[in-house]
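Reading through the structure tokens given below for one structure.
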Amino acid sequence: MGVAGFIAKRIALYFAVLFIALSITFLLPRLMPVNPVDTYIGELQSRASSTLDPEGIAELRENLESLYGLKGSLFEQYISYLDRVIFHFDFGPSFTYFPHPVSDMLANAIPWTMGLLLTATIIAWLLGNAVGLVAGYFYKKRAATILEFVGILLYPIPYYILAITVLMLFAYIFPIFPLSATFPVGEMTLQKAWMIFYNSLLPGLALVLAGFGWNILSMKALAIATSEEPYVTFARLKGTSDMTRMVRYVFRNALLPQVTALALSLGLIFNGALLTEIIFSYPGIGLIMRQAASGGDYNVLYGAIAVSIFAVATAALVIDLTYPLLDPRIRHR
Amino acid sequence: MANVTETSPPAVAPVAAEEGPKRTTDLMWLLNPRLAIGLTILLIMGVGSFVLPLFAPADPSLQGTYIRNLPPSMEHLLGTNALGQDIFWFLVYAIRNSLSLGVVVAIGVSIIATTVGLSAGYIGGGYERFVMLITDTVITIPLLPILIILGALIRGNTSFFAVGIIIIIFGWAWDARTVRSMALSLREREFINMARFSGANTPQIILREIFPYVTAYILVGFINVILYAINTEAALAVIGLSKIEVPTLGSIIFWALNYNALFTGHYLWLVAPIVAAVTLFIGLFLTSTGFNAAFATKRGVQ
């Protein structure tokens with residue numbers, strides 16, 4: 001197949017994912033029994049204690065429908081939706097902060113989510129794999145069992161429980177960190193940067209712990225299987241050191257399935273990050289989504305979900321595209 | 001990646017399959033305690049949460065049954081919460097509801113994943129490419145945002161059961177992928193060709209030859225899905241977007257957070273469900289990896 005075939009196939013999958021995901025976000029709200037425009041008008045009605053006359057309401061509905069892209073047949077709506085989202089990154093105005101455009105709100109939140117998520121995922125992946133490699137390579141030693149035990153204890157614990165536990169431990173019982181974090185906005189100064197860093201440590205810790213356990217377990221399993229391969233035995237007979245064998249022989253080969261697994265589990269990691277943001281009131285996409293969900297701000301919700309899917313799919317694509325760099329078999333075929 | 005967590009059967013599965021016969025005794029000794037501990041936890045929590053409600057003095061989901069914020073006593077083992085509910089009984093009902101939801105979702109997911117995975121792996125060709133495209137897409141799409149949208153749209157107007165259906169619709173893909181890769185490797189085995197040359201048709205081969213082989217994995221997957229479903233529902237409930245009036249492991253945490261159990265010094269309200277949930281999750285996880293190891297051992301002996 002070769003590198004070209006591999007890349008072409010992967011990019012085709014990427015566009016298929018984006019297309020299907022955008023279609024789902026388009027269809028979901030339209031399949032629902034609730035109509036956001038009705039809800040909004042109902043709200044206005046109750047606020048004005050039903051003093052709006054029917055003509056005014058009809059006009060309002062007309063305006064709202066054109067504003068939110070609900071005009072015309074389903075197919076026309078679909079085409080104009082794809083056009084707006086793909087080519088203009090336009091999700092319309094926010095209901096709650098009218099007429100503030102959704103794309104602006106998202107653009108403000110994305111760097112927060114990305115910064116936290118990328119850092120935590122990279123740390124968890126490196127740390128977990130390092131621990132898993134040692135535990136797997138020396139699996140006959142007692143210490144390896146202890147390392148694996150850590151993994152077994154951490155792995156099944158979901159994000160929200162880790163987040164709440166970390167919050168309880170380090171903000172309440174040992175008040176090292178503030179219970180409700182503050183994230184200053186506006187111009188960046190050294191002091192503000194330090195505050196952001198300090199307040200991000202707890203959510204970051206929760207995310208690292210959550211990703212850590214899985215990486216230990218899966219790397220350990222892979223390292224055990226790999227260290228029994230004949231080429232590792234050959235390397236040992238050749239007289240290479242434990243360190244060389246562990247890193248250059250076992251790790252290099254066990255790395256490949258771990259990279260694939262990382263790309264596949266990104267969606268799950270992202271889910272966890274959203275939850276963690278909500279629990280820590282961290283000003284990223286997750287918090288925006290939560291606030292939009294409780295305020296019935298549908299445009300913001302759809303924008304946030306479209307951006308999330310785009311981000312996850314793109315990150316998975318980037319990880320998968322580095323695969324040929326790591327696996328010479330694909331390059332030389 | 002709990003949420004996931006769970007949900008990463010591929011991480012555990014490949015290893016077990018590669019265990020050779022030579023380490024068999026070793027494994028029996030090492031890994032069966034996992035299964036034993038896991039099953040014991042599940043048995044105690046399962047039987048306890050299904051039998052105890054028969055003796056419950058009152059429906060714990062009703063508010064204002066007791067005096068608020070009572071400390072633990074013989075009458076209220078874990079005290080009462082700020083809503084006048086008995087925390088112990090609420091927790092018992094929560095475990096029962098979460099477990100039931102998990103089992104229902106796991107049945108649904110196993111049926112879909114097995115059908116999709118086996119047919120894709122065995123039939124192959126364009127059909128397989130199409131099915132795997134859908135599967136990979138569903139895996140890549142982060143589920144939580146979609147659930148948040150659904151939760152916001154049908155807020156309150158849904159039943160607890162509908163939450164389960166939604167989790168099934170978006171949760172089958174991981175398992176389908178695992179089952180398919182198993183079917184792929186089985187397709188090349190000698191006994192399958194044997195069946196084909198003896199005149200068996202495709203449904204017969206899938207049902208009689210391949211299915212018995214993959215049941216072990218389906219059982220492991222089944223337990224992983226229970227874990228996943230409980231988690232997903234709880235995650236939704238924690239942020240208030242599931243049916244929060246129904247006691248589940250997530251809704252209990254939601255109410256505790258909502259009434260600032262930490263600030264008011266009401267630790268038990270928050271700590272009890274966390275301890276229960278962690279115990280349950282570890283029990284489920286140990287059972288699934290324990291089964292996996294036990295099956296690998298059995299195959300090794302054969």
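Residues in the structure tokens are numbered from 1 in each chain, the chains being A, B, ... in the order shown, and ligands are numbered from 1 in the order shown.
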
- Message: Using DSSP secondary structure from the backbone, list all helix (DSSP H, G or I) positions within range 34-180 of chain A, as a ChimeraX atom specification.
- Response: /A:36-47,54-67,74-88,102-137,142-154,159-173

Set the distance at 10 Å and use only C-alpha atoms: which residues neighbour range 124-139 of chain A once local chain neighbours fewer than 3 positions away are removed? I'd like the list as a PDB file with N, CA and C atoms, in the first residue's frame.
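For reference, around.pdb as written:
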ATOM      1  N   LEU A 118      -3.921  19.389  25.931  1.00  0.00           N
ATOM      2  CA  LEU A 118      -2.677  18.938  25.298  1.00  0.00           C
ATOM      3  C   LEU A 118      -1.610  18.640  26.343  1.00  0.00           C
ATOM      4  N   THR A 119      -1.410  19.587  27.254  1.00  0.00           N
ATOM      5  CA  THR A 119      -0.376  19.399  28.272  1.00  0.00           C
ATOM      6  C   THR A 119      -0.662  18.142  29.080  1.00  0.00           C
ATOM      7  N   ALA A 120      -1.898  18.021  29.568  1.00  0.00           N
ATOM      8  CA  ALA A 120      -2.223  16.880  30.438  1.00  0.00           C
ATOM      9  C   ALA A 120      -2.090  15.563  29.685  1.00  0.00           C
ATOM     10  N   THR A 121      -2.557  15.535  28.425  1.00  0.00           N
ATOM     11  CA  THR A 121      -2.500  14.280  27.681  1.00  0.00           C
ATOM     12  C   THR A 121      -1.057  13.872  27.409  1.00  0.00           C
ATOM     13  N   ARG A 142       8.970  -7.934  41.968  1.00  0.00           N
ATOM     14  CA  ARG A 142       7.841  -7.582  42.825  1.00  0.00           C
ATOM     15  C   ARG A 142       7.401  -6.133  42.618  1.00  0.00           C
ATOM     16  N   ALA A 143       8.392  -5.260  42.436  1.00  0.00           N
ATOM     17  CA  ALA A 143       8.071  -3.835  42.278  1.00  0.00           C
ATOM     18  C   ALA A 143       7.148  -3.604  41.084  1.00  0.00           C
ATOM     19  N   ALA A 144       7.289  -4.444  40.042  1.00  0.00           N
ATOM     20  CA  ALA A 144       6.445  -4.288  38.854  1.00  0.00           C
ATOM     21  C   ALA A 144       4.985  -4.506  39.212  1.00  0.00           C
ATOM     22  N   THR A 145       4.743  -5.462  40.107  1.00  0.00           N
ATOM     23  CA  THR A 145       3.368  -5.727  40.524  1.00  0.00           C
ATOM     24  C   THR A 145       2.777  -4.513  41.219  1.00  0.00           C
ATOM     25  N   ILE A 146       3.614  -3.837  42.016  1.00  0.00           N
ATOM     26  CA  ILE A 146       3.118  -2.646  42.716  1.00  0.00           C
ATOM     27  C   ILE A 146       2.751  -1.559  41.709  1.00  0.00           C
ATOM     28  N   LEU A 147       3.625  -1.369  40.695  1.00  0.00           N
ATOM     29  CA  LEU A 147       3.333  -0.373  39.668  1.00  0.00           C
ATOM     30  C   LEU A 147       2.034  -0.709  38.955  1.00  0.00           C
ATOM     31  N   GLU A 148       1.844  -1.999  38.668  1.00  0.00           N
ATOM     32  CA  GLU A 148       0.628  -2.395  37.970  1.00  0.00           C
ATOM     33  C   GLU A 148      -0.589  -2.157  38.863  1.00  0.00           C
ATOM     34  N   GLY A 151      -1.866   1.173  38.479  1.00  0.00           N
ATOM     35  CA  GLY A 151      -2.648   1.272  37.254  1.00  0.00           C
ATOM     36  C   GLY A 151      -4.048   0.714  37.424  1.00  0.00           C
ATOM     37  N   GLY A 204      -5.481  19.981  35.778  1.00  0.00           N
ATOM     38  CA  GLY A 204      -4.445  19.252  35.052  1.00  0.00           C
ATOM     39  C   GLY A 204      -4.093  17.952  35.759  1.00  0.00           C
ATOM     40  N   LEU A 205      -3.940  18.024  37.078  1.00  0.00           N
ATOM     41  CA  LEU A 205      -3.602  16.830  37.859  1.00  0.00           C
ATOM     42  C   LEU A 205      -4.681  15.753  37.694  1.00  0.00           C
ATOM     43  N   LEU A 207      -6.693  15.323  35.186  1.00  0.00           N
ATOM     44  CA  LEU A 207      -6.625  14.764  33.838  1.00  0.00           C
ATOM     45  C   LEU A 207      -5.441  13.811  33.692  1.00  0.00           C
ATOM     46  N   VAL A 208      -4.290  14.194  34.262  1.00  0.00           N
ATOM     47  CA  VAL A 208      -3.108  13.339  34.157  1.00  0.00           C
ATOM     48  C   VAL A 208      -3.367  12.008  34.867  1.00  0.00           C
ATOM     49  N   LEU A 209      -3.920  12.075  36.074  1.00  0.00           N
ATOM     50  CA  LEU A 209      -4.203  10.844  36.821  1.00  0.00           C
ATOM     51  C   LEU A 209      -5.126   9.929  36.023  1.00  0.00           C
ATOM     52  N   ALA A 210      -6.132  10.536  35.367  1.00  0.00           N
ATOM     53  CA  ALA A 210      -7.106   9.725  34.649  1.00  0.00           C
ATOM     54  C   ALA A 210      -6.469   9.020  33.453  1.00  0.00           C
ATOM     55  N   GLY A 211      -5.566   9.715  32.751  1.00  0.00           N
ATOM     56  CA  GLY A 211      -4.970   9.101  31.570  1.00  0.00           C
ATOM     57  C   GLY A 211      -3.840   8.143  31.912  1.00  0.00           C
ATOM     58  N   PHE A 212      -3.244   8.379  33.062  1.00  0.00           N
ATOM     59  CA  PHE A 212      -2.075   7.663  33.533  1.00  0.00           C
ATOM     60  C   PHE A 212      -2.318   6.145  33.658  1.00  0.00           C
ATOM     61  N   GLY A 213      -3.384   5.763  34.368  1.00  0.00           N
ATOM     62  CA  GLY A 213      -3.655   4.357  34.681  1.00  0.00           C
ATOM     63  C   GLY A 213      -3.787   3.510  33.433  1.00  0.00           C
ATOM     64  N   TRP A 214      -4.516   4.032  32.458  1.00  0.00           N
ATOM     65  CA  TRP A 214      -4.739   3.261  31.244  1.00  0.00           C
ATOM     66  C   TRP A 214      -3.423   3.018  30.503  1.00  0.00           C
ATOM     67  N   ASN A 215      -2.600   4.089  30.433  1.00  0.00           N
ATOM     68  CA  ASN A 215      -1.330   3.944  29.730  1.00  0.00           C
ATOM     69  C   ASN A 215      -0.412   2.938  30.407  1.00  0.00           C
ATOM     70  N   ILE A 216      -0.411   2.914  31.753  1.00  0.00           N
ATOM     71  CA  ILE A 216       0.416   1.937  32.463  1.00  0.00           C
ATOM     72  C   ILE A 216      -0.006   0.528  32.060  1.00  0.00           C
ATOM     73  N   LEU A 217      -1.314   0.253  32.180  1.00  0.00           N
ATOM     74  CA  LEU A 217      -1.789  -1.109  31.957  1.00  0.00           C
ATOM     75  C   LEU A 217      -1.532  -1.565  30.532  1.00  0.00           C
ATOM     76  N   SER A 218      -1.855  -0.705  29.577  1.00  0.00           N
ATOM     77  CA  SER A 218      -1.747  -1.183  28.203  1.00  0.00           C
ATOM     78  C   SER A 218      -0.277  -1.274  27.793  1.00  0.00           C
ATOM     79  N   MET A 219       0.576  -0.341  28.252  1.00  0.00           N
ATOM     80  CA  MET A 219       2.001  -0.420  27.918  1.00  0.00           C
ATOM     81  C   MET A 219       2.631  -1.639  28.583  1.00  0.00           C
ATOM     82  N   LYS A 220       2.226  -1.930  29.802  1.00  0.00           N
ATOM     83  CA  LYS A 220       2.805  -3.078  30.497  1.00  0.00           C
ATOM     84  C   LYS A 220       2.491  -4.365  29.722  1.00  0.00           C
ATOM     85  N   ALA A 221       1.228  -4.497  29.323  1.00  0.00           N
ATOM     86  CA  ALA A 221       0.824  -5.689  28.583  1.00  0.00           C
ATOM     87  C   ALA A 221       1.644  -5.828  27.304  1.00  0.00           C
ATOM     88  N   LEU A 222       1.795  -4.696  26.589  1.00  0.00           N
ATOM     89  CA  LEU A 222       2.540  -4.732  25.334  1.00  0.00           C
ATOM     90  C   LEU A 222       4.009  -5.054  25.578  1.00  0.00           C
ATOM     91  N   ALA A 223       4.568  -4.465  26.650  1.00  0.00           N
ATOM     92  CA  ALA A 223       5.988  -4.655  26.915  1.00  0.00           C
ATOM     93  C   ALA A 223       6.281  -6.115  27.290  1.00  0.00           C
ATOM     94  N   ILE A 224       5.374  -6.750  28.023  1.00  0.00           N
ATOM     95  CA  ILE A 224       5.588  -8.165  28.365  1.00  0.00           C
ATOM     96  C   ILE A 224       5.618  -9.000  27.090  1.00  0.00           C
ATOM     97  N   ALA A 225       4.603  -8.782  26.241  1.00  0.00           N
ATOM     98  CA  ALA A 225       4.518  -9.564  25.007  1.00  0.00           C
ATOM     99  C   ALA A 225       5.765  -9.332  24.149  1.00  0.00           C
ATOM    100  N   THR A 226       6.185  -8.049  24.028  1.00  0.00           N
ATOM    101  CA  THR A 226       7.323  -7.735  23.168  1.00  0.00           C
ATOM    102  C   THR A 226       8.627  -8.284  23.729  1.00  0.00           C
ATOM    103  N   SER A 227       8.788  -8.238  25.067  1.00  0.00           N
ATOM    104  CA  SER A 227      10.083  -8.648  25.615  1.00  0.00           C
ATOM    105  C   SER A 227      10.294 -10.155  25.474  1.00  0.00           C
ATOM    106  N   GLU A 228       9.270 -10.899  25.048  1.00  0.00           N
ATOM    107  CA  GLU A 228       9.475 -12.327  24.831  1.00  0.00           C
ATOM    108  C   GLU A 228       9.710 -12.662  23.361  1.00  0.00           C
ATOM    109  N   ASP A 242      20.461  -3.966  29.671  1.00  0.00           N
ATOM    110  CA  ASP A 242      19.029  -3.949  29.947  1.00  0.00           C
ATOM    111  C   ASP A 242      18.386  -2.679  29.410  1.00  0.00           C
ATOM    112  N   MET A 243      19.068  -1.555  29.669  1.00  0.00           N
ATOM    113  CA  MET A 243      18.531  -0.247  29.277  1.00  0.00           C
ATOM    114  C   MET A 243      18.335  -0.188  27.765  1.00  0.00           C
ATOM    115  N   ARG A 245      18.058  -2.631  25.642  1.00  0.00           N
ATOM    116  CA  ARG A 245      17.011  -3.547  25.187  1.00  0.00           C
ATOM    117  C   ARG A 245      15.633  -2.979  25.488  1.00  0.00           C
ATOM    118  N   MET A 246      15.511  -2.417  26.684  1.00  0.00           N
ATOM    119  CA  MET A 246      14.206  -1.919  27.099  1.00  0.00           C
ATOM    120  C   MET A 246      13.750  -0.771  26.197  1.00  0.00           C
ATOM    121  N   VAL A 247      14.679   0.176  25.949  1.00  0.00           N
ATOM    122  CA  VAL A 247      14.278   1.373  25.218  1.00  0.00           C
ATOM    123  C   VAL A 247      14.293   1.142  23.707  1.00  0.00           C
ATOM    124  N   VAL A 250      12.350  -3.064  23.013  1.00  0.00           N
ATOM    125  CA  VAL A 250      10.974  -3.275  23.474  1.00  0.00           C
ATOM    126  C   VAL A 250      10.125  -2.034  23.239  1.00  0.00           C
ATOM    127  N   PHE A 251      10.627  -0.864  23.693  1.00  0.00           N
ATOM    128  CA  PHE A 251       9.807   0.343  23.625  1.00  0.00           C
ATOM    129  C   PHE A 251       9.471   0.722  22.189  1.00  0.00           C
ATOM    130  N   ALA A 254       6.721  -1.581  21.042  1.00  0.00           N
ATOM    131  CA  ALA A 254       5.464  -1.477  21.777  1.00  0.00           C
ATOM    132  C   ALA A 254       4.816  -0.114  21.560  1.00  0.00           C
ATOM    133  N   LEU A 255       5.607   0.840  21.073  1.00  0.00           N
ATOM    134  CA  LEU A 255       5.128   2.203  20.873  1.00  0.00           C
ATOM    135  C   LEU A 255       4.006   2.283  19.837  1.00  0.00           C
ATOM    136  N   GLN A 258       0.484   1.728  20.874  1.00  0.00           N
ATOM    137  CA  GLN A 258       0.130   2.776  21.833  1.00  0.00           C
ATOM    138  C   GLN A 258      -0.246   4.076  21.125  1.00  0.00           C
ATOM    139  N   VAL A 259       0.450   4.364  20.020  1.00  0.00           N
ATOM    140  CA  VAL A 259       0.124   5.576  19.269  1.00  0.00           C
ATOM    141  C   VAL A 259      -1.263   5.439  18.645  1.00  0.00           C
ATOM    142  N   LEU A 262      -3.847   5.834  21.264  1.00  0.00           N
ATOM    143  CA  LEU A 262      -4.019   7.229  21.673  1.00  0.00           C
ATOM    144  C   LEU A 262      -4.950   7.950  20.711  1.00  0.00           C
TER     145      LEU A 262
END

- Message: Please report the interatomic distance between CA of Val166 in chain A and CA of Leu249 in chain B in Å with one decimal.
- Response: 18.2 Å

- Neighbours of chain B in chain A at 7 Å, counting only C-alpha atoms, as a PyMOL selection string: chain A and resi 13+17+21+34+153+155-161+210-211+214+218+221-222+225+264+267-272+293-294+296+301+305+309+313

- Contacts of Ser98 in chain B within 7 Å, only C-alpha atoms, excl. fewer than 4 positions in-chain, as a list in words: Ala94, Gly102, Ile230, Thr248 and Leu249 of chain B

- d(CA of Leu154 in chain A, CA of Ile168 in chain B) in Å: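 Going from CA of Leu154 in chain A over to CA of Ile168 in chain B, I get 25.5 Å.
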
- Task: Could you check which of B:Arg189, B:Ala200, B:Gly48, B:Leu101 is closest to Ile165 in chain B, using only C-alpha atoms?
- Result: B:Leu101
